[in-house]
Structure formats: structure tokens, C-alpha cells
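K.L.:
Following this line is final.csv, made up of CSV, C-alpha atoms:
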chain,number,residue,atom,x,y,z
A,203,MET,CA,78.5,129.5,94.9
A,204,SER,CA,81.7,129.8,92.9
A,205,MET,CA,81.9,129.6,89.1
A,206,ASP,CA,83.1,126.2,87.7
A,207,ALA,CA,86.6,127.4,86.7
A,208,ASP,CA,87.0,129.4,90.0
A,209,HIS,CA,89.4,127.0,91.7
A,210,PRO,CA,93.1,126.7,92.3
A,211,TYR,CA,93.6,123.3,90.8
A,212,VAL,CA,95.4,121.9,87.8
A,213,PRO,CA,94.4,121.4,85.0
A,214,ARG,CA,92.7,124.8,84.9
A,215,ASP,CA,89.8,123.4,82.7
A,216,LEU,CA,88.9,120.9,85.5
A,217,LYS,CA,85.1,121.1,86.0
A,218,LEU,CA,84.1,121.5,89.7
A,219,PRO,CA,80.5,122.7,89.8
A,220,GLY,CA,79.7,124.2,93.2
A,221,TYR,CA,83.3,124.3,94.4
A,222,GLU,CA,83.9,126.1,97.7
A,223,PRO,CA,87.3,127.4,98.6
A,224,VAL,CA,89.3,126.1,101.6
A,225,PHE,CA,88.3,127.8,104.8
A,226,LEU,CA,91.1,126.7,107.1
A,227,SER,CA,94.7,127.7,106.7
A,228,GLN,CA,97.3,125.2,105.7
A,229,SER,CA,99.0,125.6,109.1
A,230,THR,CA,95.8,124.9,110.9
A,231,ILE,CA,95.0,121.8,108.8
A,232,LEU,CA,98.5,120.4,109.3
A,233,LEU,CA,98.6,121.3,113.0
A,234,VAL,CA,95.3,119.5,113.8
A,235,TYR,CA,96.5,116.4,111.8
A,236,GLY,CA,99.9,116.4,113.5
A,237,ALA,CA,98.4,116.9,117.0
A,238,ALA,CA,95.8,114.2,116.5
A,239,SER,CA,98.4,111.8,115.2
A,240,LEU,CA,100.8,112.5,118.0
A,241,LEU,CA,98.0,111.9,120.6
A,242,VAL,CA,97.1,108.6,119.0
A,243,VAL,CA,100.7,107.4,118.8
A,244,SER,CA,101.4,108.6,122.4
A,245,LEU,CA,98.4,106.8,123.8
A,246,MET,CA,99.4,103.6,122.0
A,247,TRP,CA,102.9,103.8,123.2
A,248,LEU,CA,101.8,104.2,126.8
A,249,LEU,CA,99.2,101.4,126.5
A,250,SER,CA,101.6,99.0,124.8
A,251,GLY,CA,104.0,99.5,127.7
A,252,ARG,CA,101.5,97.7,129.9
A,253,ILE,CA,101.8,94.5,127.9
A,254,HIS,CA,103.9,91.8,129.5
A,255,LYS,CA,107.2,91.0,127.7
A,256,ILE,CA,106.7,93.1,124.6
A,257,SER,CA,109.7,94.4,122.7
A,258,LYS,CA,110.3,98.1,121.8
A,259,VAL,CA,110.1,97.1,118.1
A,260,ASP,CA,106.7,95.7,118.5
A,261,ARG,CA,105.6,98.7,120.5
A,262,ILE,CA,106.8,101.0,117.7
A,263,LEU,CA,105.0,98.8,115.2
A,264,MET,CA,101.8,99.0,117.2
A,265,CYS,CA,102.1,102.8,117.1
A,266,TRP,CA,102.6,102.7,113.3
A,267,TRP,CA,99.7,100.4,112.7
A,268,ILE,CA,97.2,102.3,114.8
A,269,PHE,CA,98.3,105.6,113.1
A,270,THR,CA,98.1,104.2,109.6
A,271,GLY,CA,94.9,102.3,110.3
A,272,LEU,CA,93.0,105.3,111.6
A,273,THR,CA,94.4,107.4,108.7
A,274,HIS,CA,93.0,104.9,106.2
A,275,ILE,CA,89.6,104.6,107.9
A,276,ILE,CA,88.9,108.2,108.8
A,277,LEU,CA,90.8,110.3,106.2
A,278,GLU,CA,90.8,108.1,103.2
A,279,GLY,CA,87.4,106.6,104.1
A,280,TYR,CA,85.9,110.1,104.1
A,281,PHE,CA,87.4,110.9,100.7
A,282,ALA,CA,86.3,107.6,99.1
A,283,PHE,CA,82.7,107.9,100.3
A,284,THR,CA,82.1,111.6,100.0
A,285,PRO,CA,82.3,112.5,96.3
A,286,ASP,CA,81.2,116.1,96.7
A,287,PHE,CA,83.5,117.1,99.5
A,288,TYR,CA,84.7,120.1,97.4
A,289,LYS,CA,81.2,121.6,97.7
A,290,VAL,CA,81.2,121.7,101.5
A,291,ASN,CA,80.7,125.4,102.4
A,292,THR,CA,81.6,125.1,106.1
A,293,PRO,CA,85.0,124.5,107.7
A,294,HIS,CA,84.4,120.8,107.9
A,295,TYR,CA,87.9,119.5,108.8
A,296,LEU,CA,88.0,116.3,106.7
A,297,ALA,CA,86.7,118.2,103.6
A,298,GLU,CA,89.3,120.8,104.2
A,299,VAL,CA,92.0,118.2,104.3
A,300,TRP,CA,91.2,117.0,100.9
A,301,LYS,CA,90.6,120.4,99.4
A,302,GLU,CA,94.1,121.3,100.6
A,303,TYR,CA,95.7,118.0,99.6
A,304,SER,CA,94.2,118.3,96.1
A,305,LYS,CA,96.6,121.2,95.5
A,306,GLY,CA,99.3,118.6,95.3
A,307,ASP,CA,97.1,116.1,93.4
A,308,SER,CA,94.0,117.4,91.8
A,309,ARG,CA,92.9,113.8,90.9
A,310,TYR,CA,91.3,113.8,94.3
A,311,VAL,CA,89.1,116.7,93.9
A,312,GLY,CA,88.4,115.6,90.3
A,313,ARG,CA,87.4,112.1,91.5
A,314,ASP,CA,89.8,110.2,89.3
A,315,SER,CA,88.5,106.6,89.1
A,316,ALA,CA,91.9,105.0,89.9
A,317,VAL,CA,92.4,107.1,92.9
A,318,VAL,CA,88.9,106.6,94.2
A,319,ALA,CA,89.3,102.8,93.7
A,320,VAL,CA,92.6,102.6,95.5
A,321,GLU,CA,91.5,104.8,98.4
A,322,GLY,CA,88.2,103.0,98.8
A,323,ILE,CA,89.9,99.6,99.0
A,324,THR,CA,92.5,100.9,101.4
A,325,ALA,CA,89.9,102.4,103.7
A,326,ALA,CA,87.5,99.5,103.7
A,327,ILE,CA,90.0,96.6,103.8
A,328,GLU,CA,93.4,97.7,104.8
A,329,GLY,CA,92.3,100.2,107.5
A,330,PRO,CA,90.4,97.6,109.7
A,331,ALA,CA,93.2,95.1,109.0
A,332,CYS,CA,95.7,97.5,110.5
A,333,LEU,CA,93.7,97.7,113.7
A,334,LEU,CA,93.6,93.9,113.7
A,335,VAL,CA,97.4,93.9,113.6
A,336,VAL,CA,97.5,96.0,116.7
A,337,TYR,CA,95.5,93.3,118.5
A,338,ALA,CA,97.5,90.5,117.0
A,339,ILE,CA,100.8,92.0,118.2
A,340,ALA,CA,99.4,92.7,121.6
A,341,LYS,CA,98.1,89.2,122.0
A,342,LYS,CA,101.2,87.6,120.3
A,343,LYS,CA,99.0,85.9,117.7
A,344,SER,CA,100.6,83.5,115.3
A,345,TYR,CA,99.1,85.2,112.3
A,346,SER,CA,100.6,88.6,113.1
A,347,TYR,CA,103.5,88.4,110.7
A,348,VAL,CA,101.5,87.0,107.8
A,349,LEU,CA,98.8,89.7,108.3
A,350,GLN,CA,101.4,92.5,108.5
A,351,LEU,CA,103.1,91.2,105.3
A,352,SER,CA,99.8,91.1,103.5
A,353,ILE,CA,98.8,94.6,104.4
A,354,CYS,CA,102.3,96.0,103.6
A,355,LEU,CA,102.1,94.4,100.1
A,356,GLY,CA,98.6,95.9,99.7
A,357,GLN,CA,99.9,99.3,100.7
A,358,LEU,CA,102.9,99.0,98.3
A,359,TYR,CA,100.7,97.9,95.5
A,360,GLY,CA,98.3,100.8,96.2
A,361,CYS,CA,101.3,103.3,96.0
A,362,LEU,CA,102.5,101.7,92.8
A,363,VAL,CA,99.1,102.1,91.2
A,364,TYR,CA,98.9,105.7,92.6
A,365,PHE,CA,102.2,106.8,91.2
A,366,ALA,CA,102.1,104.8,88.0
A,367,THR,CA,98.7,106.1,86.9
A,368,ALA,CA,99.9,109.7,87.6
A,369,ILE,CA,102.9,109.2,85.3
A,370,LEU,CA,100.8,107.6,82.6
A,371,GLU,CA,98.3,110.5,82.7
A,372,GLY,CA,101.0,113.1,82.4
A,373,ASP,CA,101.9,113.8,86.0
A,374,ASN,CA,100.4,117.3,85.9
A,375,PHE,CA,98.1,117.5,88.8
A,376,ALA,CA,99.9,119.9,91.3
A,377,THR,CA,99.4,123.7,91.5
A,378,SER,CA,103.1,124.2,92.2
A,379,MET,CA,106.3,122.4,92.7
A,380,PHE,CA,106.0,123.0,96.5
A,381,TYR,CA,102.7,121.2,96.7
A,382,TYR,CA,104.0,118.5,94.3
A,383,TYR,CA,106.9,117.6,96.6
A,384,ALA,CA,105.2,118.4,100.0
A,385,TYR,CA,101.9,116.5,99.4
A,386,TYR,CA,102.3,114.2,96.4
A,387,VAL,CA,105.8,113.0,97.1
A,388,PHE,CA,106.7,113.6,100.8
A,389,ALA,CA,103.3,112.8,102.3
A,390,ASN,CA,103.1,109.5,100.4
A,391,MET,CA,106.7,108.2,100.5
A,392,TRP,CA,106.2,107.0,104.1
A,393,TRP,CA,103.7,104.4,102.8
A,394,VAL,CA,106.5,103.1,100.6
A,395,PHE,CA,109.5,103.1,102.9
A,396,ILE,CA,107.8,102.0,106.1
A,397,PRO,CA,105.7,99.1,104.7
A,398,GLY,CA,108.7,98.1,102.6
A,399,ALA,CA,110.8,97.8,105.8
A,400,ILE,CA,108.1,96.0,107.7
A,401,ALA,CA,107.5,93.6,104.8
A,402,ALA,CA,111.2,92.7,104.7
A,403,ARG,CA,111.1,92.1,108.5
A,404,CYS,CA,108.0,89.9,108.4
A,405,TRP,CA,109.4,87.9,105.4
A,406,LYS,CA,112.5,87.1,107.5
A,407,LYS,CA,110.4,86.2,110.5
A,408,ILE,CA,108.2,83.9,108.5
A,409,CYS,CA,111.2,82.2,106.8
A,410,VAL,CA,112.9,81.6,110.2
A,411,GLY,CA,109.6,80.1,111.5
A,412,CYS,CA,109.3,77.8,108.5
A,413,ASN,CA,112.9,76.7,108.8
A,414,VAL,CA,112.4,75.9,112.5
A,415,GLN,CA,109.3,73.8,111.7
A,416,GLU,CA,111.2,71.9,108.9
A,417,GLN,CA,114.0,71.2,111.3
A,418,LYS,CA,111.6,69.8,113.9
A,419,LYS,CA,110.0,67.6,111.3
A,420,SER,CA,113.4,66.3,110.2
A,421,LYS,CA,114.3,65.4,113.8
A,422,THR,CA,111.0,63.4,114.3
A,423,ARG,CA,111.4,61.3,111.2
Can I see the file as C-alpha cells?
P.N.:
Amino acid sequence: MSMDADHPYVPRDLKLPGYEPVFLSQSTILLVYGAASLLVVSLMWLLSGRIHKISKVDRILMCWWIFTGLTHIILEGYFAFTPDFYKVNTPHYLAEVWKEYSKGDSRYVGRDSAVVAVEGITAAIEGPACLLVVYAIAKKKSYSYVLQLSICLGQLYGCLVYFATAILEGDNFATSMFYYYAYYVFANMWWVFIPGAIAARCWKKICVGCNVQEQKKSKTR
């Protein structure tokens, strides 16, 4: 076993008893994640093409929701419910992901309470809800837009808490500027921009639907 201070993370006095170094290379970790994500998205795109009268926008949204849902459940779920992942002494892929990602944000390996809470809620609630959205879009359920808007607001709130708590605590959790921008900024910004765009679309759809209903009521009076 490694000594407590024998780790690459910041701050250097972070206590990680039993820490084991990353086994897999960065390129291997990213390649596996990219390949798995591409496979999931490709399968969803092909399957969604079999749905009668579905728009390309909805097919793209189904790809996004299956991707983000499985990311929440599998990756974030593993982190939230495996507090000692940094002690794993075999090349367990999910443990390797979080050891590597922690180079950009050591609050993960340090089990920061705010991060654990956000990731736990995301994995347990938002993850399954994302998969429900896939079903709702495919079956053209009336609650689809409301559900999408709710999840997007949850994701945006989670990102707000994630970034805000980092700033309040000094924003000094990355081993280098490369990891700061590659992991902390770049890897997370997609859950700001994409949910923001989807939330705006759903808001418009819901407003249009409400206006149509009001017009119908007015005509029947």
C-alpha cells in the first residue's frame, strides 16, 4: 500500500489512506468511455429510426437522454456508492475513471460532502428519469416535455451547486491547468449548455400547448 501523502492530488495534505495509483493510461480510459458512449448512441439512433413518424430532433434527444442517463446511473452511481474507490488495487475501470477524473477535481477522491450529495441524487433520481424520457419520447407521452424540463432544471441546479461550492472553497482542486480545463470545465460544460437548450425548447413547447388549450376553452364558452 502507498503512504497517505503518496498521491498526485491537490491539496497535497489531502489524506487518502490506502490510496492506489491509476493502473490504466489516460488514453485507455478515455477511449473506452468514448467507444462505449458511441456504441450506446449509435444503437439508440438505429432503434429510434424504427419508430413511426418521429422527428430527427426527437431521435437526437433520445440519443442524448440514453447517454446521459446511463452516465448518471453507471459512472456517477459507482462514485456515489463506492466511497473507497481510490483504494482499489486492480484495474477496475469505474474506479480508474474516478481516480483519473480526480486529477481535475480532487473533491471526488476526497469525498467532499457537497459533491457526494449532488452525484448521489443525480444517479438515483435523474439517471432513471432520463431513461423514462427515452420511453416517453418513443411513445409520444404527454408528460415528455414536463419530464425533460424537470430533469434539465435538476441538472442545471446540480452544476450550479458543483461549480459554486468549488468557488466558495477556493477552486484549488486540480493538479494542473490542463486537468482543470479538460476535466473540471470541458467535461462538465455539456451538462450546462445541452440541458439549457433542451429546457428552453421544452418551455416553448409547454407554453404553446397551454395557449392552444386556452384558445379551445375560449371557443367553447
K.L.:
Expressed in Å to a single decimal, how great is the separation between CA of Ser420 in chain A and CA of Ser352 in chain A?
P.N.:
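Calculated distance between CA of Ser420 in chain A and CA of Ser352 in chain A is 29.1 Å.
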K.L.:
When distances are computed from all atoms listed in the file, which of A:Cys265, A:Leu333, A:His294, A:Thr377 shows the smallest separation from Leu248 in chain A?
P.N.:
A:Cys265
K.L.:
(90.0, 130.8, 98.8) in this file's frame - what residues fall within 9 Å of it? Use all atoms listed in the file and give the answer as a list in words.
P.N.:
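The residues near that point, listed by chain and number, are His209, Pro210, Glu222, Pro223, Val224 and Phe225 of chain A.
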K.L.:
Quick check, in Å to one decimal: how far apart do CA of Leu226 in chain A and CA of Glu328 in chain A lie?
P.N.:
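Those two atoms sit 29.2 Å apart.
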K.L.:
What separation in Å, quoted to one decimal, exists between CA of Gly271 in chain A and CA of Cys332 in chain A?
P.N.:
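Distance reported for this atom pair: 4.9 Å.
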K.L.:
Let me make sure I understand: among A:Ala297, A:Ala376, A:Val363, A:Cys404, which one has the smallest atom-to-atom distance to Tyr345 in chain A if we use all atoms listed in the file?
P.N.:
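When distances to Tyr345 in chain A are compared using all atoms listed in the file, the smallest one comes from A:Cys404.
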K.L.:
For Pro285 in chain A, which residue out of A:Ala237, A:Glu302, A:Thr270, A:Arg309 is the nearest one, using all atoms listed in the file?
P.N.:
A:Arg309
K.L.:
I'd like the contact shell of Leu362 in chain A - 12 Å cut-off, all atoms listed in the file, skipping same-chain residues fewer than 4 positions apart - returned as a PyMOL selection string.
P.N.:
chain A and resi 316-317+320+355-358+366-370+390-391+393-394
